[in-house]
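J.: Sending over coords-v1.txt (compact mmCIF, C-alpha atoms).
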# COMPACT_ATOMS: atom_id res chain seq x y z
CA MET A 94 35.22 22.66 100.19
CA LYS A 95 31.87 24.32 100.59
CA LEU A 96 30.06 25.49 97.49
CA THR A 97 29.04 29.13 97.62
CA LYS A 98 26.01 30.55 95.84
CA GLY A 99 28.31 32.05 93.21
CA ASP A 100 29.85 28.63 92.51
CA ILE A 101 26.45 27.07 91.92
CA VAL A 102 25.39 29.85 89.54
CA PHE A 103 28.72 29.62 87.72
CA ASP A 104 28.49 25.85 87.36
CA THR A 105 24.92 26.02 86.10
CA VAL A 106 25.79 28.61 83.46
CA LYS A 107 28.91 26.68 82.48
CA VAL A 108 27.14 23.33 82.08
CA THR A 109 24.30 24.99 80.17
CA MET A 110 26.78 26.57 77.75
CA LEU A 111 28.68 23.31 77.26
CA VAL A 112 25.49 21.32 76.68
CA PHE A 113 24.31 24.00 74.23
CA MET A 114 27.64 23.71 72.42
CA VAL A 115 27.37 19.93 72.19
CA VAL A 116 23.81 20.16 70.85
CA VAL A 117 24.76 22.79 68.28
CA THR A 118 27.75 20.72 67.15
CA LEU A 119 25.91 17.43 66.87
CA TYR A 120 22.51 18.55 65.60
CA PRO A 121 23.57 19.25 61.98
CA PHE A 122 25.07 15.74 61.76
CA LEU A 123 21.98 14.09 63.20
CA ASN A 124 19.80 16.20 60.91
CA VAL A 125 21.65 15.04 57.80
CA LEU A 126 21.57 11.46 59.07
CA ALA A 127 17.82 11.71 59.60
CA ILE A 128 17.31 13.18 56.12
CA SER A 129 19.35 10.38 54.56
CA PHE A 130 17.04 7.74 55.99
CA ASN A 131 13.92 9.76 55.36
CA ASP A 132 11.47 9.63 52.49
CA PRO A 133 12.52 12.51 50.16
CA LEU A 134 8.90 13.70 49.95
CA ASP A 135 8.66 13.99 53.74
CA THR A 136 11.84 16.05 53.81
CA ILE A 137 10.49 18.48 51.22
CA ARG A 138 7.34 18.88 53.30
CA GLY A 139 9.56 19.77 56.27
CA GLY A 140 9.15 16.63 58.36
CA MET B 287 66.40 17.44 63.72
CA SER B 288 65.05 20.43 61.84
CA VAL B 289 66.95 19.70 58.61
CA PRO B 290 64.07 17.86 56.83
CA PHE B 291 61.73 20.74 57.54
CA VAL B 292 64.23 23.29 56.25
CA ILE B 293 64.69 21.22 53.06
CA HIS B 294 60.90 20.97 52.71
CA LEU B 295 60.63 24.73 53.14
CA ILE B 296 63.33 25.41 50.53
CA ILE B 297 61.87 23.02 47.94
CA PHE B 298 58.21 23.94 48.33
CA LYS B 299 58.31 27.56 49.50
CA TYR B 300 61.53 29.20 48.30
CA ILE B 301 62.27 27.60 44.91
CA PRO B 302 58.72 28.35 43.60
CA ILE B 303 59.42 32.06 44.23
CA ALA B 304 61.45 31.90 40.98
CA GLY B 305 58.09 31.54 39.25
CA TRP B 306 57.37 35.15 40.17
CA VAL B 307 59.16 36.24 36.97
CA MET B 308 55.96 35.14 35.20
CA ALA B 309 54.21 38.18 36.64
CA PHE B 310 56.42 40.45 34.51
CA GLN B 311 55.83 38.48 31.31
CA ASN B 312 52.89 37.60 29.15
CA TYR B 313 53.24 33.91 29.83
CA LYS B 314 52.21 31.46 27.15
CA PRO B 315 52.50 27.74 27.93
CA GLY B 316 54.94 25.71 25.86
CA ARG B 317 57.76 28.22 25.62
CA ALA B 318 60.83 28.32 27.81
CA MET B 319 60.79 30.73 30.75
CA PHE B 320 63.15 33.26 29.16
CA GLN B 321 61.70 33.14 25.66
CA GLN B 322 58.49 34.71 26.93
CA LYS B 323 57.47 38.24 26.07
CA TRP B 324 58.37 40.71 28.82
CA VAL B 325 55.65 43.20 29.64
CA GLY B 326 56.97 45.01 32.72
CA LEU B 327 54.25 45.95 35.18
CA ALA B 328 51.35 45.56 32.73
CA GLN B 329 49.92 42.59 34.65
CA PHE B 330 49.83 44.60 37.87
CA GLU B 331 48.17 47.51 36.05
CA ALA B 332 45.54 45.11 34.76
CA LEU B 333 45.06 43.80 38.30
CA PHE B 334 44.71 47.18 40.00
CA SER B 335 42.43 48.60 37.31
CA ASP B 336 40.04 45.66 37.56
CA PRO B 337 36.95 46.83 39.51
CA GLN B 338 36.24 43.22 40.44
CA PHE B 339 39.57 43.13 42.27
CA TYR B 340 38.50 45.74 44.86
CA LEU B 341 35.22 43.95 45.48
CA VAL B 342 37.11 40.71 46.02
CA LEU B 343 39.62 42.44 48.30
CA ARG B 344 36.78 43.82 50.44
CA ASN B 345 35.16 40.39 50.72
CA THR B 346 38.45 38.73 51.57
CA LEU B 347 39.31 41.21 54.32
CA ALA B 348 35.78 41.20 55.73
CA MET B 349 35.45 37.42 55.88
CA ALA B 350 38.98 36.89 57.16
CA SER B 351 38.45 39.46 59.95
CA ILE B 352 35.10 37.94 60.94
CA LYS B 353 36.66 34.47 60.99
CA LEU B 354 39.71 35.66 62.93
CA VAL B 355 37.75 37.51 65.62
CA MET B 356 34.92 34.99 66.02
CA GLY B 357 37.24 31.99 65.74
CA THR B 358 39.63 33.27 68.40
CA PHE B 359 36.86 34.39 70.74
CA PHE B 360 34.91 31.13 70.63
CA SER B 361 38.03 28.94 70.83
CA ILE B 362 39.08 30.74 74.01
CA LEU B 363 35.54 30.53 75.40
CA VAL B 364 35.37 26.77 74.75
CA ALA B 365 38.83 26.29 76.26
CA ILE B 366 37.86 28.21 79.43
CA LEU B 367 34.61 26.28 79.83
CA ILE B 368 36.35 22.93 79.40
CA HIS B 369 39.18 24.01 81.69
CA GLU B 370 36.69 24.91 84.42
CA THR B 371 34.98 21.51 84.20
CA HIS B 372 36.27 18.90 86.62
CA ASN B 373 33.90 16.02 85.97
CA ARG B 374 36.21 13.87 83.83
CA PRO B 375 33.73 11.81 81.76
CA PHE B 376 31.68 14.94 80.97
CA LYS B 377 34.82 16.92 80.13
CA ARG B 378 36.13 14.17 77.85
CA SER B 379 32.87 13.72 75.95
CA VAL B 380 32.36 17.45 75.47
CA GLN B 381 35.89 17.79 74.15
CA THR B 382 35.61 14.84 71.74
CA ILE B 383 32.28 16.06 70.38
CA SER B 384 33.63 19.58 69.90
CA TYR B 385 36.48 18.23 67.73
CA LEU B 386 34.15 16.25 65.51
CA PRO B 387 33.40 18.81 62.75
CA HIS B 388 37.12 19.50 62.34
CA PHE B 389 37.63 16.03 60.89
CA VAL B 390 34.90 16.40 58.30
CA SER B 391 36.13 17.90 55.03
CA TRP B 392 34.56 21.13 53.78
CA VAL B 393 32.86 19.33 50.90
CA VAL B 394 30.76 17.38 53.38
CA ALA B 395 30.58 20.15 55.99
CA ALA B 396 29.34 22.69 53.41
CA ASN B 397 26.45 20.44 52.46
CA ILE B 398 25.59 19.86 56.11
CA VAL B 399 25.57 23.64 56.63
CA LEU B 400 23.46 24.23 53.52
CA GLU B 401 20.96 21.59 54.62
CA PHE B 402 20.86 23.06 58.14
CA ILE B 403 19.97 26.59 57.03
CA SER B 404 17.84 25.68 54.00
CA PRO B 405 14.22 26.90 53.95
CA ARG B 406 13.04 23.43 55.05
CA GLY B 407 15.93 22.96 57.49
CA PRO B 408 15.83 22.98 61.29
CA ILE B 409 16.77 26.67 61.73
CA ASN B 410 13.78 27.83 59.73
CA GLY B 411 11.65 25.18 61.43
CA LEU B 412 12.60 26.53 64.86
CA LEU B 413 12.04 30.17 63.90
CA LEU B 414 8.65 29.29 62.40
CA ARG B 415 7.58 27.34 65.46
CA LEU B 416 8.55 30.22 67.77
CA ASN B 417 6.55 32.56 65.50
CA ILE B 418 9.58 34.82 64.98
CA ILE B 419 9.09 34.64 61.22
CA ASP B 420 5.95 33.99 59.18
CA GLU B 421 7.51 32.12 56.28
CA ALA B 422 10.78 30.29 55.71
CA ILE B 423 13.81 32.47 54.84
CA LEU B 424 16.24 31.53 52.09
CA PHE B 425 19.37 32.38 54.10
CA MET B 426 21.71 31.53 51.23
CA GLY B 427 19.93 34.08 49.03
CA LYS B 428 20.71 37.04 51.30
CA PRO B 429 24.03 38.58 50.20
CA ARG B 430 24.42 40.52 53.47
CA LEU B 431 24.18 37.33 55.50
CA PHE B 432 26.82 35.40 53.58
CA TRP B 433 29.81 36.73 55.57
CA TRP B 434 28.14 35.74 58.84
CA ILE B 435 27.24 32.29 57.53
CA ILE B 436 30.92 31.87 56.68
CA GLY B 437 31.88 33.10 60.15
CA GLY B 438 29.33 30.90 61.89
CA SER B 439 30.22 27.76 59.97
CA HIS B 440 33.90 28.48 60.62
CA VAL B 441 33.21 28.64 64.37
CA TRP B 442 31.13 25.44 64.24
CA LYS B 443 33.92 23.61 62.42
CA THR B 444 37.04 24.89 64.16
CA ALA B 445 36.24 26.29 67.62
CA GLY B 446 36.61 22.93 69.38
CA PHE B 447 39.84 22.01 67.68
CA GLY B 448 41.23 25.53 68.05
CA ALA B 449 40.59 25.29 71.80
CA ILE B 450 43.24 22.55 72.17
CA ILE B 451 46.16 24.96 71.96
CA TYR B 452 44.60 27.29 74.55
CA LEU B 453 43.83 24.32 76.82
CA ALA B 454 47.47 23.27 76.54
CA ALA B 455 48.51 26.80 77.54
CA MET B 456 46.09 26.64 80.50
CA THR B 457 47.52 23.38 81.83
CA GLY B 458 50.85 25.22 82.04
CA ILE B 459 49.44 27.60 84.67
CA ASP B 460 50.59 26.82 88.20
CA PRO B 461 47.58 25.38 90.14
CA GLN B 462 48.93 27.05 93.30
CA LEU B 463 47.86 30.38 91.83
CA TYR B 464 44.24 29.21 91.77
CA ASP B 465 44.44 27.91 95.35
CA ALA B 466 46.05 31.12 96.57
CA ALA B 467 43.42 33.22 94.82
CA GLN B 468 40.67 31.09 96.34
CA VAL B 469 42.08 31.54 99.82
CA ASP B 470 42.14 35.27 99.18
CA GLY B 471 38.44 35.11 98.36
CA ALA B 472 38.47 35.33 94.57
CA GLY B 473 35.36 33.92 92.89
CA ARG B 474 35.37 31.66 89.84
CA LEU B 475 34.99 34.54 87.36
CA GLN B 476 37.69 36.54 89.11
CA ARG B 477 40.04 33.56 88.91
CA ILE B 478 39.39 33.30 85.14
CA ARG B 479 39.85 37.04 84.72
CA HIS B 480 43.04 37.37 86.76
CA ILE B 481 44.76 33.98 86.37
CA THR B 482 43.56 32.02 83.33
CA LEU B 483 43.41 34.91 80.85
CA PRO B 484 46.80 36.44 81.76
CA GLY B 485 48.19 32.88 81.71
CA ILE B 486 47.28 32.31 78.07
CA GLN B 487 47.94 35.90 76.97
CA SER B 488 51.25 35.21 75.22
CA THR B 489 49.78 32.23 73.34
CA VAL B 490 46.87 34.36 72.17
CA VAL B 491 49.16 37.15 70.98
CA ILE B 492 51.47 34.77 69.06
CA LEU B 493 48.51 33.05 67.39
CA LEU B 494 46.96 36.42 66.51
CA ILE B 495 50.17 37.61 64.85
CA MET B 496 50.39 34.37 62.86
CA ASN B 497 46.75 34.54 61.81
CA ILE B 498 46.99 38.19 60.78
CA GLY B 499 49.51 37.03 58.18
CA HIS B 500 46.74 34.89 56.72
CA LEU B 501 44.28 37.78 56.58
CA LEU B 502 44.35 37.81 52.78
CA GLU B 503 43.67 34.08 52.58
CA ALA B 504 40.11 33.99 53.80
CA GLY B 505 39.94 30.40 52.62
CA PHE B 506 38.95 28.83 49.36
CA GLU B 507 36.92 25.65 49.81
CA GLN B 508 34.50 27.16 52.30
CA GLN B 509 33.44 30.08 50.10
CA TYR B 510 33.68 28.08 46.89
CA LEU B 511 31.38 25.35 48.19
CA LEU B 512 28.90 27.57 50.02
CA GLN B 513 28.52 30.30 47.40
CA ASN B 514 25.82 30.58 44.75
CA GLY B 515 24.93 33.08 42.05
CA LEU B 516 22.71 35.15 44.35
CA VAL B 517 25.47 36.08 46.78
CA GLN B 518 28.36 36.27 44.31
CA ASP B 519 29.20 39.92 45.06
CA TYR B 520 29.80 39.05 48.69
CA SER B 521 31.24 35.57 48.41
CA GLU B 522 34.15 35.90 45.98
CA VAL B 523 37.53 35.94 47.72
CA MET B 524 41.06 36.36 46.35
CA THR B 525 41.63 32.65 45.84
CA ILE B 526 38.40 32.25 43.85
CA PHE B 527 39.24 35.42 41.90
CA VAL B 528 42.64 33.99 40.93
CA LEU B 529 41.02 30.73 39.84
CA LYS B 530 38.20 32.34 37.85
CA TYR B 531 39.89 35.29 36.18
CA GLY B 532 43.42 33.94 36.13
CA LEU B 533 43.86 30.22 35.72
CA ARG B 534 40.57 29.38 34.02
CA MET B 535 41.09 32.15 31.44
CA GLN B 536 44.67 31.00 30.86
CA ARG B 537 45.98 34.30 32.29
CA PHE B 538 48.74 32.65 34.27
CA SER B 539 50.78 35.84 34.57
CA PHE B 540 47.77 37.72 35.92
CA ALA B 541 47.26 35.00 38.53
CA VAL B 542 50.90 35.24 39.60
CA ALA B 543 50.63 39.04 39.89
CA ALA B 544 47.64 38.59 42.21
CA GLY B 545 49.64 36.04 44.19
CA ILE B 546 52.58 38.43 44.58
CA PHE B 547 50.24 41.18 45.74
CA ARG B 548 48.82 38.81 48.37
CA SER B 549 52.25 37.72 49.62
CA MET B 550 53.49 41.31 49.87
CA VAL B 551 50.47 42.49 51.83
CA SER B 552 50.70 39.44 54.12
CA ILE B 553 54.35 40.16 54.90
CA ALA B 554 53.55 43.81 55.61
CA LEU B 555 50.65 42.79 57.87
CA ILE B 556 52.74 40.30 59.83
CA PHE B 557 55.49 42.85 60.46
CA THR B 558 52.95 45.51 61.47
CA ALA B 559 51.19 43.16 63.88
CA ASN B 560 54.53 42.10 65.31
CA LYS B 561 55.60 45.72 65.76
CA ILE B 562 52.34 46.61 67.51
CA ALA B 563 52.68 43.62 69.84
CA ASP B 564 56.24 44.70 70.58
CA LYS B 565 55.14 48.28 71.33
CA LEU B 566 52.46 47.00 73.71
CA GLY B 567 55.10 45.00 75.54
CA GLN B 568 53.76 41.63 74.45
CA GLU B 569 55.53 38.46 73.38
CA THR B 570 56.49 38.71 69.69
CA LEU B 571 56.99 36.24 66.90
CA LEU B 572 60.07 37.65 65.17
Would you write out, as structure tokens, the structure that this file holds?

T.:
Amino acid sequence: MKLTKGDIVFDTVKVTMLVFMVVVTLYPFLNVLAISFNDPLDTIRGG
Amino acid sequence: MSVPFVIHLIIFKYIPIAGWVMAFQNYKPGRAMFQQKWVGLAQFEALFSDPQFYLVLRNTLAMASIKLVMGTFFSILVAILIHETHNRPFKRSVQTISYLPHFVSWVVAANIVLEFISPRGPINGLLLRLNIIDEAILFMGKPRLFWWIIGGSHVWKTAGFGAIIYLAAMTGIDPQLYDAAQVDGAGRLQRIRHITLPGIQSTVVILLIMNIGHLLEAGFEQQYLLQNGLVQDYSEVMTIFVLKYGLRMQRFSFAVAAGIFRSMVSIALIFTANKIADKLGQETLL
């Protein structure tokens, strides 16, 4: 099966959206995990 | 086979309906059910003349509609994207990760959300770095934003898990249809538009009808845990209203009256939605 130009565009958009979804889902968890191991003062300063 | 479920339904859903008599009394704990003082429709009058009630009703309907529309849309979107992916390891990992927030209780999830959108959280950090805003925004202090925070956190928590049922419906579509469409020169988007979407249409309609019945239950934990004093006028929903102005103030009869109102409207909504689906020639629930 030969990939057409449309297929490549579609796949790129699709993978981008899925990766975006994974990042958005996981980031809050990682953020909280990072804060838990962080120095409270650093967190207040925004680091 | 279905007997245990019917018994469960009778014990936990039908027998408690007898408690509705409380709504026509001025219930005081400690007395027998029929030694209470009967007050007719006074509890309902108190409910409908409470200005707070209309505010709460507005919030409930607004948040439930936002959650229903956004939840359904993003679940279907996730299901389509996963369905169109053929790389198995990638597909599997994406799916597993998308379920993850579903298994975290709202108590934990609410704090993760609050931390994420706090003035020192990553959202503000990103907006500051891109120079879109000059100073950090207190998102939880903006009453107008509260409904959308509820909608967004609902999507984050449930879209992946909600996609399962649509994915199941998609696996039921005959793969020959896709091959035939491809031979006829249909592109990927056209195949989604003309095969996948019509294939899951009946599932979507049934789920919509069922969810419309829950339109007056916009949730409890989510709003209760995310709210604060600044956004109170936009965050209070029926369930919180019943807790605050009914149970906590010992107005049990008032709480039951609010519950009856909710059940009645839900039944009416379900029948209306079902009727509309029937008129449009769709699959119906009843």

J.: Can you check which parts of chain A lie within 10 Å of chain B? Per residue, the shortest pair of atoms and distance in Å to one decimal, counting all atoms listed in the file, sorted by chain and number, as CSV.

T.:
residue,atom,partner,partner_atom,distance
A:Thr97,CA,B:Gly473,CA,9.2
A:Gly99,CA,B:Gly473,CA,7.3
A:Asp100,CA,B:Arg474,CA,6.8
A:Phe103,CA,B:Arg474,CA,7.3
A:Asp104,CA,B:Thr371,CA,8.4
A:Val106,CA,B:Leu367,CA,9.8
A:Lys107,CA,B:Leu367,CA,6.3
A:Val108,CA,B:Thr371,CA,8.3
A:Met110,CA,B:Leu367,CA,8.1
A:Leu111,CA,B:Leu367,CA,7.1
A:Val112,CA,B:Val380,CA,8.0
A:Met114,CA,B:Ser384,CA,7.7
A:Val115,CA,B:Val380,CA,6.5
A:Val116,CA,B:Ile383,CA,9.4
A:Val117,CA,B:Trp442,CA,8.0
A:Thr118,CA,B:Trp442,CA,6.5
A:Leu119,CA,B:Ile383,CA,7.4
A:Tyr120,CA,B:Phe402,CA,8.9
A:Pro121,CA,B:Phe402,CA,6.1
A:Phe122,CA,B:Ile398,CA,7.0
A:Leu123,CA,B:Ile398,CA,9.8
A:Asn124,CA,B:Phe402,CA,7.5
A:Val125,CA,B:Ile398,CA,6.5
A:Leu126,CA,B:Ile398,CA,9.8
A:Ile128,CA,B:Glu401,CA,9.3
A:Thr136,CA,B:Arg406,CA,7.6
A:Ile137,CA,B:Arg406,CA,6.8
A:Arg138,CA,B:Arg406,CA,7.5
A:Gly139,CA,B:Arg406,CA,5.2
A:Gly140,CA,B:Arg406,CA,8.5

J.: For those residues, write C-alpha atoms to a file as a PDB file, in the frame of the given file.

T.:
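The new file part.pdb reads:
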ATOM      1  CA  THR A  97      29.040  29.130  97.620  1.00  0.00           C
ATOM      2  CA  GLY A  99      28.310  32.050  93.210  1.00  0.00           C
ATOM      3  CA  ASP A 100      29.850  28.630  92.510  1.00  0.00           C
ATOM      4  CA  PHE A 103      28.720  29.620  87.720  1.00  0.00           C
ATOM      5  CA  ASP A 104      28.490  25.850  87.360  1.00  0.00           C
ATOM      6  CA  VAL A 106      25.790  28.610  83.460  1.00  0.00           C
ATOM      7  CA  LYS A 107      28.910  26.680  82.480  1.00  0.00           C
ATOM      8  CA  VAL A 108      27.140  23.330  82.080  1.00  0.00           C
ATOM      9  CA  MET A 110      26.780  26.570  77.750  1.00  0.00           C
ATOM     10  CA  LEU A 111      28.680  23.310  77.260  1.00  0.00           C
ATOM     11  CA  VAL A 112      25.490  21.320  76.680  1.00  0.00           C
ATOM     12  CA  MET A 114      27.640  23.710  72.420  1.00  0.00           C
ATOM     13  CA  VAL A 115      27.370  19.930  72.190  1.00  0.00           C
ATOM     14  CA  VAL A 116      23.810  20.160  70.850  1.00  0.00           C
ATOM     15  CA  VAL A 117      24.760  22.790  68.280  1.00  0.00           C
ATOM     16  CA  THR A 118      27.750  20.720  67.150  1.00  0.00           C
ATOM     17  CA  LEU A 119      25.910  17.430  66.870  1.00  0.00           C
ATOM     18  CA  TYR A 120      22.510  18.550  65.600  1.00  0.00           C
ATOM     19  CA  PRO A 121      23.570  19.250  61.980  1.00  0.00           C
ATOM     20  CA  PHE A 122      25.070  15.740  61.760  1.00  0.00           C
ATOM     21  CA  LEU A 123      21.980  14.090  63.200  1.00  0.00           C
ATOM     22  CA  ASN A 124      19.800  16.200  60.910  1.00  0.00           C
ATOM     23  CA  VAL A 125      21.650  15.040  57.800  1.00  0.00           C
ATOM     24  CA  LEU A 126      21.570  11.460  59.070  1.00  0.00           C
ATOM     25  CA  ILE A 128      17.310  13.180  56.120  1.00  0.00           C
ATOM     26  CA  THR A 136      11.840  16.050  53.810  1.00  0.00           C
ATOM     27  CA  ILE A 137      10.490  18.480  51.220  1.00  0.00           C
ATOM     28  CA  ARG A 138       7.340  18.880  53.300  1.00  0.00           C
ATOM     29  CA  GLY A 139       9.560  19.770  56.270  1.00  0.00           C
ATOM     30  CA  GLY A 140       9.150  16.630  58.360  1.00  0.00           C
TER      31      GLY A 140
END

J.: Please indicate the distance in Å from atom CA of B:His388 to atom CA of B:Ser361, rounded to one decimal place.

T.: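 So the two atoms, atom CA of B:His388 and atom CA of B:Ser361, lie 12.7 Å apart.
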
J.: Between B:Ala365, B:Leu354, B:Met496, B:Leu327, which is the closest to B:Tyr452 once you count all atoms listed in the file?

T.: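 With all atoms listed in the file as the atom set, the closest residue is B:Ala365.
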
J.: Fewer than 6 positions away in the same chain doesn't count, so skip those; otherwise give me all residues within 12 Å of stretch 523-538 of chain B, counting only C-alpha atoms, as a VMD selection string.

T.: chain B and resid 305 to 315 329 332 to 333 336 to 350 433 436 500 to 511 513 544 to 549

J.: Using only C-alpha atoms, please write the residues we just selected to a file, as a CSV table (one decimal), keeping the file's coordinate frame.

T.:
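Below you can see result_5.csv, which holds the result:
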chain,number,residue,atom,x,y,z
B,305,GLY,CA,58.1,31.5,39.2
B,306,TRP,CA,57.4,35.2,40.2
B,307,VAL,CA,59.2,36.2,37.0
B,308,MET,CA,56.0,35.1,35.2
B,309,ALA,CA,54.2,38.2,36.6
B,310,PHE,CA,56.4,40.4,34.5
B,311,GLN,CA,55.8,38.5,31.3
B,312,ASN,CA,52.9,37.6,29.2
B,313,TYR,CA,53.2,33.9,29.8
B,314,LYS,CA,52.2,31.5,27.2
B,315,PRO,CA,52.5,27.7,27.9
B,329,GLN,CA,49.9,42.6,34.6
B,332,ALA,CA,45.5,45.1,34.8
B,333,LEU,CA,45.1,43.8,38.3
B,336,ASP,CA,40.0,45.7,37.6
B,337,PRO,CA,37.0,46.8,39.5
B,338,GLN,CA,36.2,43.2,40.4
B,339,PHE,CA,39.6,43.1,42.3
B,340,TYR,CA,38.5,45.7,44.9
B,341,LEU,CA,35.2,44.0,45.5
B,342,VAL,CA,37.1,40.7,46.0
B,343,LEU,CA,39.6,42.4,48.3
B,344,ARG,CA,36.8,43.8,50.4
B,345,ASN,CA,35.2,40.4,50.7
B,346,THR,CA,38.4,38.7,51.6
B,347,LEU,CA,39.3,41.2,54.3
B,348,ALA,CA,35.8,41.2,55.7
B,349,MET,CA,35.4,37.4,55.9
B,350,ALA,CA,39.0,36.9,57.2
B,433,TRP,CA,29.8,36.7,55.6
B,436,ILE,CA,30.9,31.9,56.7
B,500,HIS,CA,46.7,34.9,56.7
B,501,LEU,CA,44.3,37.8,56.6
B,502,LEU,CA,44.4,37.8,52.8
B,503,GLU,CA,43.7,34.1,52.6
B,504,ALA,CA,40.1,34.0,53.8
B,505,GLY,CA,39.9,30.4,52.6
B,506,PHE,CA,39.0,28.8,49.4
B,507,GLU,CA,36.9,25.6,49.8
B,508,GLN,CA,34.5,27.2,52.3
B,509,GLN,CA,33.4,30.1,50.1
B,510,TYR,CA,33.7,28.1,46.9
B,511,LEU,CA,31.4,25.4,48.2
B,513,GLN,CA,28.5,30.3,47.4
B,544,ALA,CA,47.6,38.6,42.2
B,545,GLY,CA,49.6,36.0,44.2
B,546,ILE,CA,52.6,38.4,44.6
B,547,PHE,CA,50.2,41.2,45.7
B,548,ARG,CA,48.8,38.8,48.4
B,549,SER,CA,52.2,37.7,49.6

J.: What separation in Å, quoted to one decimal, exists between atom CA of B:Leu512 and atom CA of B:Phe298?

T.: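 Separation between atom CA of B:Leu512 and atom CA of B:Phe298: 29.6 Å.
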
J.: Between atom CA of B:Gly485 and atom CA of B:Ala467, measure the distance and give it in Å to one decimal.

T.: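 Atom-to-atom, atom CA of B:Gly485 to atom CA of B:Ala467, that is 14.0 Å.
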
J.: Might you pull out every residue within 10 Å of B:Thr457, with all atoms listed in the file counted and same-chain residues fewer than 3 positions away left off, and present them as a ChimeraX atom specification?

T.: /B:369,452-454,460-461,482,485-486

J.: Find the residue from B:Val469, B:Leu414, B:Thr444, B:Gly499 that sits nearest to B:Ser391; use only C-alpha atoms when measuring.

T.: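 Going through B:Val469, B:Leu414, B:Thr444, B:Gly499 one by one, the smallest distance to B:Ser391 is for B:Thr444.
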